[in-house]
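S.K.: First, the structure itself, so that you have it in front of you.
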Amino acid sequence: MFLIGIVSATLIMADNVSPTDKTVYVGVTYEGDTVDGAKQLIDKVKTYTNLFILSSGELNFTEVEEIGDYTIAAGLNFSVYIGTNAGNAVTQEWLDRIPQRWDNHFIGIYFYDEPGGKMLDDRVWFTEPNRSVAKEADGSISIGEWIKDSRQSYYYPNSTIKVTTIAPDKTKNGTLHISHPDHSYEIIQNIPCPEELYIEYPNGTTVRFEYDYRYRIESEVMYYPNDDITVLDKIGEWDNQEYTFYTMTNGSARITEVEPRSVVLDRNPFNTCDGTAQAFEAEYARRMQFLENVSVPLFTADYALHWWDFRGGYDMVLAELGWNNTIEQEIGLVRGAANLQGKSWGTIITWKYTQRPFLADGQEIFEQMKTSYETGAEYIIVFNYSEDPTNPNTLEDEHYQALERFWTEVVQNPDVTHGSIKAEAALVLPKNFGWGMRNPQDTIWGLWPANDTCQQIWNQVHTQLDKYGLKLDIVYDDPDYPVANRYSNIYYVNAPFPYMWLIAAILLLPITAGILLIYFKRRKNQTTKPVTL
């Protein structure tokens, strides 16, 4: 049973009460593919922004450096986007030049985009020793392993599992590959399978045997939710195989030879929310390894699962405001995660529409930027990208005017205090419960459909947002980042035991003691009363 609890505290930490004195970065992104286009945009916004983010993937290092130099010369700070596949292209030498070239005007690397959102909605690859794991857009999981024989495991959202294995027919001849120390190479075909498939000799010669995979043994095992198991064996040359199908009725002996369902389930790293969170964090920590020696912050933009973006290694996360989403909820999620984990946060104004004008009108964007500023965002960015190849910019005159107005009336206005709207309360969600929270039917980690817990959270989020609005942080139960003493009011979905019961017991103790005292006094009076004859 999921409980809703509240804990009140008399102490609010200092970072929740006083306005901030941090530098606020205001800027735009550039997604175009020309240096001249970037320079034109810099010239357009340089008097009312202080940050330019180059997020185009079509420019080479020389062009990136030219744009960076131009940005700094214009009096702005600079950042550049790097994707997850950039590890093959970005050299350590170039990364080392960043702080030397642009000093503290380079505010960080925009590394990869929407990791949390992609986990919910797209295919995501996870790399592990000796196997690859993919979370598909429909929530299914595929795992490829090459430890012994080739094995593919598929875990479907309806709890059906398919495991396919391909093993060579070891009675058939294969091919021997011999590599010599002088780099010469020999290939000898039609060789019987040796006892050792790979030999490395002291002189450096290596010998590797390769099976002839035209002759192979394939099996396809299906595990169904009702505990039924079927096996389809395919034996023979690949284009002329013999098929044998077994069920629990006609092939019980063959069925007993396959792995139990429990063993197959244990191979899936996404069996639980805890396991999924651990795999997500480990994957993004791995992807960031080639940047581990870079002495600048790493950040991303996301529309969900901000908590685990931070845990995965990001120093700053931009919450995406757009798509007609709830700004109070987005800020509550990203600010709460940043506050408890000691990180930085910001917002990025994204598309409201999927076609021009893409962005909301100037007034709405101004209000979103102003709200971001007042709630403590350190970075306030406008996403400037369209899918029109003839015009990569989404910014129109009204958007430039909104940016200039925001810079003048808010950022440079001493009467408007940055971070004046502080979180007074926190709603604590269950540990590692990565629910998308965009609607009541959103998925959990992109893997499981919504359940009763989701409805509990949905109701509580909107109840507390109605009460606190922008003064609510939404965080997660996490022993690494305790919430105690950080807010004046702390609400729990699935209240942690035994705190709620302990509080109730303390409150009821005087009442219970009073009732017992009255009871025993009455009993004493009844037993000592004299009897009249």
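Naming works like this for the structure tokens: A, B, ... for the chains as they're shown, residue 1 at the start of each chain, ligands 1 onward in shown order.
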I'd like the contact shell of Val35 in chain A - 9 Å cut-off, only C-alpha atoms, skipping same-chain residues fewer than 6 positions apart - returned as a PyMOL selection string.
M.R.: chain A and resi 59+63-64+66-67
S.K.: Using only C-alpha atoms, which protein or nucleic acid residues come within 9 Å of Tyr284 in chain A? Drop anything in the same chain fewer than 2 positions from it, and give the result as a ChimeraX atom specification.
M.R.: /A:115,126,279-282,286-289,309,312-314
S.K.: Could those residues be written to a file, using N, CA and C atoms, as a PDB file, in the first residue's frame?
M.R.:
```
ATOM      1  N   PRO A 115      19.296  12.337 -22.667  1.00  0.00           N
ATOM      2  CA  PRO A 115      19.499  10.929 -22.297  1.00  0.00           C
ATOM      3  C   PRO A 115      18.287  10.323 -21.586  1.00  0.00           C
ATOM      4  N   PHE A 126      23.359  -0.095 -24.559  1.00  0.00           N
ATOM      5  CA  PHE A 126      24.152  -0.212 -23.340  1.00  0.00           C
ATOM      6  C   PHE A 126      25.287  -1.193 -23.625  1.00  0.00           C
ATOM      7  N   ALA A 279      21.980   0.585 -14.353  1.00  0.00           N
ATOM      8  CA  ALA A 279      22.481   0.408 -15.714  1.00  0.00           C
ATOM      9  C   ALA A 279      22.533   1.742 -16.458  1.00  0.00           C
ATOM     10  N   PHE A 280      21.521   2.585 -16.265  1.00  0.00           N
ATOM     11  CA  PHE A 280      21.472   3.901 -16.911  1.00  0.00           C
ATOM     12  C   PHE A 280      22.650   4.761 -16.457  1.00  0.00           C
ATOM     13  N   GLU A 281      22.871   4.822 -15.164  1.00  0.00           N
ATOM     14  CA  GLU A 281      23.964   5.633 -14.635  1.00  0.00           C
ATOM     15  C   GLU A 281      25.319   5.113 -15.118  1.00  0.00           C
ATOM     16  N   ALA A 282      25.484   3.792 -15.113  1.00  0.00           N
ATOM     17  CA  ALA A 282      26.758   3.209 -15.529  1.00  0.00           C
ATOM     18  C   ALA A 282      27.029   3.470 -17.004  1.00  0.00           C
ATOM     19  N   ARG A 286      30.120   5.613 -18.512  1.00  0.00           N
ATOM     20  CA  ARG A 286      31.034   5.019 -19.501  1.00  0.00           C
ATOM     21  C   ARG A 286      31.193   5.938 -20.712  1.00  0.00           C
ATOM     22  N   ARG A 287      30.077   6.502 -21.198  1.00  0.00           N
ATOM     23  CA  ARG A 287      30.132   7.358 -22.384  1.00  0.00           C
ATOM     24  C   ARG A 287      30.964   8.618 -22.132  1.00  0.00           C
ATOM     25  N   MET A 288      31.007   9.041 -20.887  1.00  0.00           N
ATOM     26  CA  MET A 288      31.745  10.263 -20.555  1.00  0.00           C
ATOM     27  C   MET A 288      33.219  10.017 -20.276  1.00  0.00           C
ATOM     28  N   GLN A 289      33.646   8.769 -20.337  1.00  0.00           N
ATOM     29  CA  GLN A 289      35.022   8.443 -19.944  1.00  0.00           C
ATOM     30  C   GLN A 289      36.052   9.201 -20.763  1.00  0.00           C
ATOM     31  N   ASP A 309      20.103  11.824 -14.808  1.00  0.00           N
ATOM     32  CA  ASP A 309      21.109  12.541 -15.603  1.00  0.00           C
ATOM     33  C   ASP A 309      22.238  13.019 -14.694  1.00  0.00           C
ATOM     34  N   GLY A 312      24.230  10.142 -13.369  1.00  0.00           N
ATOM     35  CA  GLY A 312      25.070   9.553 -14.406  1.00  0.00           C
ATOM     36  C   GLY A 312      26.344  10.326 -14.670  1.00  0.00           C
ATOM     37  N   GLY A 313      26.458  11.554 -14.101  1.00  0.00           N
ATOM     38  CA  GLY A 313      27.715  12.282 -14.221  1.00  0.00           C
ATOM     39  C   GLY A 313      27.621  13.703 -14.732  1.00  0.00           C
ATOM     40  N   TYR A 314      26.439  14.164 -15.107  1.00  0.00           N
ATOM     41  CA  TYR A 314      26.327  15.539 -15.599  1.00  0.00           C
ATOM     42  C   TYR A 314      26.472  16.541 -14.464  1.00  0.00           C
TER      43      TYR A 314
END
```
S.K.: Please identify all polymer residues within 12 Å of range 389-404 of chain A, counting only C-alpha atoms, omitting same-chain residues fewer than 6 positions from it, and present them as JSON, numbers by chain.
M.R.: {"A": [26, 27, 28, 29, 30, 31, 32, 33, 34, 37, 38, 40, 41, 42, 44, 45, 46, 47, 48, 49, 50, 55, 56, 349, 350, 351, 352, 353, 354, 355, 356, 357, 358, 359, 360, 361, 362, 363, 364, 365, 366, 367, 368, 369, 370, 380, 381, 382, 383, 410, 411, 412]}
S.K.: Could you write those residues out with C-alpha atoms, as a PDB file, in the first residue's frame?
M.R.:
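That gives us again31.pdb:
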```pdb
ATOM      1  CA  VAL A  26      21.466  33.824 -21.093  1.00  0.00           C
ATOM      2  CA  GLY A  27      21.915  32.662 -24.659  1.00  0.00           C
ATOM      3  CA  VAL A  28      20.843  30.896 -27.824  1.00  0.00           C
ATOM      4  CA  THR A  29      21.911  27.787 -29.701  1.00  0.00           C
ATOM      5  CA  TYR A  30      23.123  27.660 -33.292  1.00  0.00           C
ATOM      6  CA  GLU A  31      22.378  24.515 -35.307  1.00  0.00           C
ATOM      7  CA  GLY A  32      23.456  25.760 -38.729  1.00  0.00           C
ATOM      8  CA  ASP A  33      26.363  24.469 -40.787  1.00  0.00           C
ATOM      9  CA  THR A  34      28.199  27.651 -41.801  1.00  0.00           C
ATOM     10  CA  GLY A  37      25.619  31.956 -40.215  1.00  0.00           C
ATOM     11  CA  ALA A  38      27.018  31.620 -36.693  1.00  0.00           C
ATOM     12  CA  GLN A  40      25.524  36.682 -38.081  1.00  0.00           C
ATOM     13  CA  LEU A  41      23.600  35.245 -35.127  1.00  0.00           C
ATOM     14  CA  ILE A  42      26.333  36.319 -32.682  1.00  0.00           C
ATOM     15  CA  LYS A  44      22.413  39.835 -33.681  1.00  0.00           C
ATOM     16  CA  VAL A  45      22.286  38.814 -30.000  1.00  0.00           C
ATOM     17  CA  LYS A  46      25.593  39.967 -28.499  1.00  0.00           C
ATOM     18  CA  THR A  47      24.144  43.077 -26.801  1.00  0.00           C
ATOM     19  CA  TYR A  48      21.485  41.200 -24.825  1.00  0.00           C
ATOM     20  CA  THR A  49      22.945  37.723 -24.184  1.00  0.00           C
ATOM     21  CA  ASN A  50      26.174  36.455 -22.650  1.00  0.00           C
ATOM     22  CA  SER A  55      25.328  22.725 -31.297  1.00  0.00           C
ATOM     23  CA  SER A  56      25.900  21.995 -34.973  1.00  0.00           C
ATOM     24  CA  ILE A 349      12.984  27.074 -24.246  1.00  0.00           C
ATOM     25  CA  THR A 350      12.171  24.446 -26.876  1.00  0.00           C
ATOM     26  CA  TRP A 351       9.545  23.904 -29.544  1.00  0.00           C
ATOM     27  CA  LYS A 352       5.877  24.385 -28.789  1.00  0.00           C
ATOM     28  CA  TYR A 353       4.858  23.309 -32.298  1.00  0.00           C
ATOM     29  CA  THR A 354       6.243  20.760 -34.773  1.00  0.00           C
ATOM     30  CA  GLN A 355       6.125  23.247 -37.648  1.00  0.00           C
ATOM     31  CA  ARG A 356       6.743  26.951 -38.020  1.00  0.00           C
ATOM     32  CA  PRO A 357       6.733  29.061 -35.954  1.00  0.00           C
ATOM     33  CA  PHE A 358       8.033  26.138 -33.778  1.00  0.00           C
ATOM     34  CA  LEU A 359       8.537  28.389 -30.734  1.00  0.00           C
ATOM     35  CA  ALA A 360       5.848  30.029 -28.622  1.00  0.00           C
ATOM     36  CA  ASP A 361       5.205  33.742 -29.122  1.00  0.00           C
ATOM     37  CA  GLY A 362       7.574  36.335 -27.717  1.00  0.00           C
ATOM     38  CA  GLN A 363       5.470  37.164 -24.666  1.00  0.00           C
ATOM     39  CA  GLU A 364       5.201  33.537 -23.567  1.00  0.00           C
ATOM     40  CA  ILE A 365       8.939  33.019 -23.992  1.00  0.00           C
ATOM     41  CA  PHE A 366       9.626  36.178 -21.994  1.00  0.00           C
ATOM     42  CA  GLU A 367       7.457  34.850 -19.139  1.00  0.00           C
ATOM     43  CA  GLN A 368       9.218  31.459 -19.247  1.00  0.00           C
ATOM     44  CA  MET A 369      12.633  33.106 -19.054  1.00  0.00           C
ATOM     45  CA  LYS A 370      11.532  35.422 -16.255  1.00  0.00           C
ATOM     46  CA  ILE A 380      18.484  30.276 -19.574  1.00  0.00           C
ATOM     47  CA  ILE A 381      18.732  29.245 -23.214  1.00  0.00           C
ATOM     48  CA  VAL A 382      16.486  29.538 -26.274  1.00  0.00           C
ATOM     49  CA  PHE A 383      16.632  26.532 -28.605  1.00  0.00           C
ATOM     50  CA  VAL A 410      15.041  41.259 -15.633  1.00  0.00           C
ATOM     51  CA  VAL A 411      18.744  40.351 -15.748  1.00  0.00           C
ATOM     52  CA  GLN A 412      20.014  43.939 -15.509  1.00  0.00           C
TER      53      GLN A 412
END
```
S.K.: What's the 7 Å shell around range 321-335 of chain A, counting only C-alpha atoms, without same-chain residues fewer than 2 positions away, as a list in words?
M.R.: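 Within the cut-off, the hits are His306, Ala319, Ala337, Ala338, Asn339, Trp345, Thr347, Ile348, Ile349, Thr350, Trp351, Lys352, Tyr353, Gly469, Leu470, Leu472, Asp473, Ile474 and Val475 of chain A.
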S.K.: Write out the residues from the selection above, keeping all heavy atoms, as a short mmCIF file (atom, residue, chain, number, x, y, z; two decimals), in the first residue's frame.
M.R.:
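What landed in selection.cif:
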```
data_model
loop_
_atom_site.label_atom_id
_atom_site.label_comp_id
_atom_site.auth_asym_id
_atom_site.auth_seq_id
_atom_site.Cartn_x
_atom_site.Cartn_y
_atom_site.Cartn_z
N HIS A 306 15.59 13.75 -14.99
CA HIS A 306 16.73 14.62 -14.67
C HIS A 306 17.54 14.08 -13.50
O HIS A 306 18.77 14.26 -13.46
CB HIS A 306 16.23 16.03 -14.32
CG HIS A 306 15.20 16.58 -15.26
ND1 HIS A 306 13.86 16.29 -15.14
CD2 HIS A 306 15.33 17.40 -16.32
CE1 HIS A 306 13.21 16.91 -16.10
NE2 HIS A 306 14.05 17.59 -16.83
N ALA A 319 16.39 21.91 -18.10
CA ALA A 319 15.04 21.37 -18.24
C ALA A 319 14.40 22.00 -19.47
O ALA A 319 14.46 23.21 -19.66
CB ALA A 319 14.21 21.67 -17.00
N ALA A 337 16.44 18.07 -8.11
CA ALA A 337 17.58 17.17 -8.32
C ALA A 337 18.90 17.90 -8.15
O ALA A 337 19.83 17.39 -7.51
CB ALA A 337 17.49 16.55 -9.72
N ALA A 338 18.98 19.10 -8.69
CA ALA A 338 20.23 19.88 -8.58
C ALA A 338 20.49 20.28 -7.14
O ALA A 338 21.63 20.21 -6.65
CB ALA A 338 20.16 21.11 -9.48
N ASN A 339 19.46 20.73 -6.43
CA ASN A 339 19.63 21.17 -5.05
C ASN A 339 20.17 20.05 -4.17
O ASN A 339 21.13 20.24 -3.41
CB ASN A 339 18.30 21.68 -4.49
CG ASN A 339 17.98 23.08 -4.97
OD1 ASN A 339 18.82 23.78 -5.54
ND2 ASN A 339 16.75 23.51 -4.75
N TRP A 345 21.71 23.97 -12.53
CA TRP A 345 20.56 23.68 -13.40
C TRP A 345 20.17 24.93 -14.19
O TRP A 345 20.57 26.04 -13.87
CB TRP A 345 19.36 23.17 -12.60
CG TRP A 345 18.69 24.21 -11.72
CD1 TRP A 345 19.08 24.62 -10.48
CD2 TRP A 345 17.52 24.97 -12.04
NE1 TRP A 345 18.23 25.58 -10.00
CE2 TRP A 345 17.26 25.82 -10.93
CE3 TRP A 345 16.66 25.02 -13.14
CZ2 TRP A 345 16.18 26.69 -10.90
CZ3 TRP A 345 15.58 25.88 -13.11
CH2 TRP A 345 15.34 26.71 -12.00
N THR A 347 17.26 26.17 -17.75
CA THR A 347 16.13 25.83 -18.62
C THR A 347 16.50 26.16 -20.05
O THR A 347 17.34 27.02 -20.32
CB THR A 347 14.86 26.59 -18.23
OG1 THR A 347 15.10 28.00 -18.35
CG2 THR A 347 14.43 26.27 -16.82
N ILE A 348 15.86 25.45 -20.97
CA ILE A 348 16.02 25.74 -22.38
C ILE A 348 14.62 25.78 -22.99
O ILE A 348 13.83 24.84 -22.82
CB ILE A 348 16.92 24.71 -23.09
CG1 ILE A 348 17.11 25.07 -24.57
CG2 ILE A 348 16.43 23.29 -22.92
CD1 ILE A 348 18.21 24.28 -25.26
N ILE A 349 14.30 26.89 -23.65
CA ILE A 349 12.98 27.07 -24.25
C ILE A 349 12.97 26.33 -25.58
O ILE A 349 13.71 26.70 -26.51
CB ILE A 349 12.67 28.57 -24.46
CG1 ILE A 349 13.05 29.40 -23.23
CG2 ILE A 349 11.21 28.75 -24.84
CD1 ILE A 349 12.36 29.02 -21.96
N THR A 350 12.17 25.29 -25.68
CA THR A 350 12.17 24.45 -26.88
C THR A 350 10.88 24.65 -27.67
O THR A 350 10.08 25.53 -27.38
CB THR A 350 12.32 22.98 -26.49
OG1 THR A 350 11.25 22.61 -25.61
CG2 THR A 350 13.64 22.73 -25.77
N TRP A 351 10.70 23.80 -28.66
CA TRP A 351 9.54 23.90 -29.54
C TRP A 351 8.22 23.79 -28.79
O TRP A 351 8.09 22.97 -27.87
CB TRP A 351 9.57 22.80 -30.57
CG TRP A 351 10.60 22.93 -31.64
CD1 TRP A 351 11.54 23.90 -31.77
CD2 TRP A 351 10.79 22.02 -32.73
NE1 TRP A 351 12.30 23.67 -32.87
CE2 TRP A 351 11.86 22.53 -33.49
CE3 TRP A 351 10.17 20.85 -33.14
CZ2 TRP A 351 12.32 21.89 -34.64
CZ3 TRP A 351 10.61 20.22 -34.28
CH2 TRP A 351 11.68 20.73 -35.02
N LYS A 352 7.27 24.57 -29.21
CA LYS A 352 5.88 24.39 -28.79
C LYS A 352 5.07 23.70 -29.89
O LYS A 352 4.08 23.04 -29.63
CB LYS A 352 5.25 25.74 -28.44
CG LYS A 352 3.84 25.63 -27.87
CD LYS A 352 3.31 26.99 -27.45
CE LYS A 352 1.91 26.86 -26.85
NZ LYS A 352 1.38 28.18 -26.39
N TYR A 353 5.53 23.87 -31.13
CA TYR A 353 4.86 23.31 -32.30
C TYR A 353 5.86 22.51 -33.12
O TYR A 353 7.06 22.74 -33.05
CB TYR A 353 4.26 24.42 -33.18
CG TYR A 353 3.48 25.47 -32.42
CD1 TYR A 353 4.05 26.72 -32.15
CD2 TYR A 353 2.20 25.21 -31.95
CE1 TYR A 353 3.34 27.68 -31.46
CE2 TYR A 353 1.49 26.17 -31.25
CZ TYR A 353 2.07 27.40 -31.01
OH TYR A 353 1.38 28.36 -30.31
N GLY A 469 2.88 25.54 -6.11
CA GLY A 469 3.30 26.10 -7.39
C GLY A 469 4.80 25.99 -7.59
O GLY A 469 5.39 24.91 -7.46
N LEU A 470 5.44 27.10 -7.89
CA LEU A 470 6.88 27.12 -8.16
C LEU A 470 7.73 26.95 -6.91
O LEU A 470 8.97 26.90 -7.00
CB LEU A 470 7.27 28.44 -8.84
CG LEU A 470 6.73 28.63 -10.26
CD1 LEU A 470 6.88 30.08 -10.70
CD2 LEU A 470 7.43 27.70 -11.24
N LEU A 472 7.67 24.27 -5.05
CA LEU A 472 7.75 22.84 -4.77
C LEU A 472 8.91 22.23 -5.55
O LEU A 472 9.05 22.44 -6.74
CB LEU A 472 6.45 22.15 -5.19
CG LEU A 472 6.44 20.61 -5.01
CD1 LEU A 472 6.33 20.25 -3.53
CD2 LEU A 472 5.30 19.98 -5.81
N ASP A 473 9.76 21.48 -4.85
CA ASP A 473 10.75 20.62 -5.49
C ASP A 473 10.24 19.20 -5.51
O ASP A 473 9.60 18.74 -4.54
CB ASP A 473 12.09 20.67 -4.75
CG ASP A 473 12.94 21.87 -5.14
OD1 ASP A 473 12.54 22.60 -6.07
OD2 ASP A 473 13.98 22.09 -4.50
N ILE A 474 10.52 18.47 -6.59
CA ILE A 474 10.12 17.06 -6.72
C ILE A 474 11.40 16.24 -6.76
O ILE A 474 12.20 16.38 -7.70
CB ILE A 474 9.26 16.84 -7.97
CG1 ILE A 474 8.03 17.76 -7.94
CG2 ILE A 474 8.82 15.38 -8.07
CD1 ILE A 474 7.24 17.77 -9.24
N VAL A 475 11.62 15.42 -5.75
CA VAL A 475 12.87 14.68 -5.61
C VAL A 475 12.59 13.20 -5.41
O VAL A 475 11.43 12.77 -5.45
CB VAL A 475 13.71 15.25 -4.44
CG1 VAL A 475 14.02 16.72 -4.67
CG2 VAL A 475 12.96 15.08 -3.11
#
```
S.K.: Set out as JSON lines a contact list for range 207-249 of chain A and range 156-168 of chain A with a cut-off of 7 Å, giving each residue of range 207-249 of chain A that qualifies its closest atom pair and distance in Å to one decimal, counting only C-alpha atoms, ordered by chain and rising residue number.
M.R.:
```
{"residue": "A:Tyr211", "atom": "CA", "partner": "A:Pro168", "partner_atom": "CA", "distance": 6.3}
{"residue": "A:Asp212", "atom": "CA", "partner": "A:Pro168", "partner_atom": "CA", "distance": 7.0}
{"residue": "A:Tyr213", "atom": "CA", "partner": "A:Pro168", "partner_atom": "CA", "distance": 5.7}
{"residue": "A:Tyr215", "atom": "CA", "partner": "A:Pro168", "partner_atom": "CA", "distance": 6.2}
{"residue": "A:Arg216", "atom": "CA", "partner": "A:Pro168", "partner_atom": "CA", "distance": 4.2}
{"residue": "A:Ile217", "atom": "CA", "partner": "A:Ala167", "partner_atom": "CA", "distance": 5.2}
{"residue": "A:Glu218", "atom": "CA", "partner": "A:Ile166", "partner_atom": "CA", "distance": 4.6}
{"residue": "A:Ser219", "atom": "CA", "partner": "A:Thr165", "partner_atom": "CA", "distance": 5.5}
{"residue": "A:Glu220", "atom": "CA", "partner": "A:Thr164", "partner_atom": "CA", "distance": 4.4}
{"residue": "A:Val221", "atom": "CA", "partner": "A:Val163", "partner_atom": "CA", "distance": 5.2}
{"residue": "A:Met222", "atom": "CA", "partner": "A:Lys162", "partner_atom": "CA", "distance": 4.6}
{"residue": "A:Tyr223", "atom": "CA", "partner": "A:Ile161", "partner_atom": "CA", "distance": 5.0}
{"residue": "A:Tyr224", "atom": "CA", "partner": "A:Thr160", "partner_atom": "CA", "distance": 4.7}
{"residue": "A:Pro225", "atom": "CA", "partner": "A:Ser159", "partner_atom": "CA", "distance": 5.6}
```
S.K.: Skipping near chain neighbours, those fewer than 3 positions away, what residues fall within 12 Å of Asn459 in chain A using only C-alpha atoms, listed as a list in words?
M.R.: Ile4, Leu427, Met437, Asn439, Pro440, Asp452, Thr453, Cys454, Gln455, Gln456, His462, Thr463, Gln464, Leu465, Asp466 and Val493 of chain A
S.K.: Pick out each residue of range 44-284 of chain A that DSSP on the backbone tags as helix (DSSP H, G or I); I need them as a VMD selection string.
M.R.: chain A and resid 44 to 45 61 to 73 84 to 88 92 to 105 115 to 121 252 to 255 261 to 266 273 to 284
S.K.: Smallest atom-to-atom distance to Ile107 in chain A: which of A:Ile143, A:Val24, A:Ala484, A:Leu120, using only C-alpha atoms?
M.R.: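 Answer, going by the shortest atom-to-atom distance: A:Val24.
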S.K.: Can you tell me, as a list in words, what residues are no more than 10 Å from Asn104 in chain A when counting only C-alpha atoms, ignoring any on the same chain fewer than 4 positions away?
M.R.: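 My reading of the contact set: Asn77, Phe78, Ile98, Pro99, Gln100, Gly108 and Val296 of chain A.
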S.K.: Determine the nearest neighbour of Ser153 in chain A from the options A:Glu65, A:Asp233, A:Asp266, A:Asp122, counting only C-alpha atoms.
M.R.: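 Ranked by minimum distance to Ser153 in chain A, first place goes to A:Asp266.
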S.K.: Select from range 236-437 of chain A everything DSSP, run on the backbone, classes as strand (DSSP E), then give the selection as a VMD selection string.
M.R.: chain A and resid 236 to 237 242 to 246 298 to 302 316 to 321 344 to 349 379 to 382 425 to 429
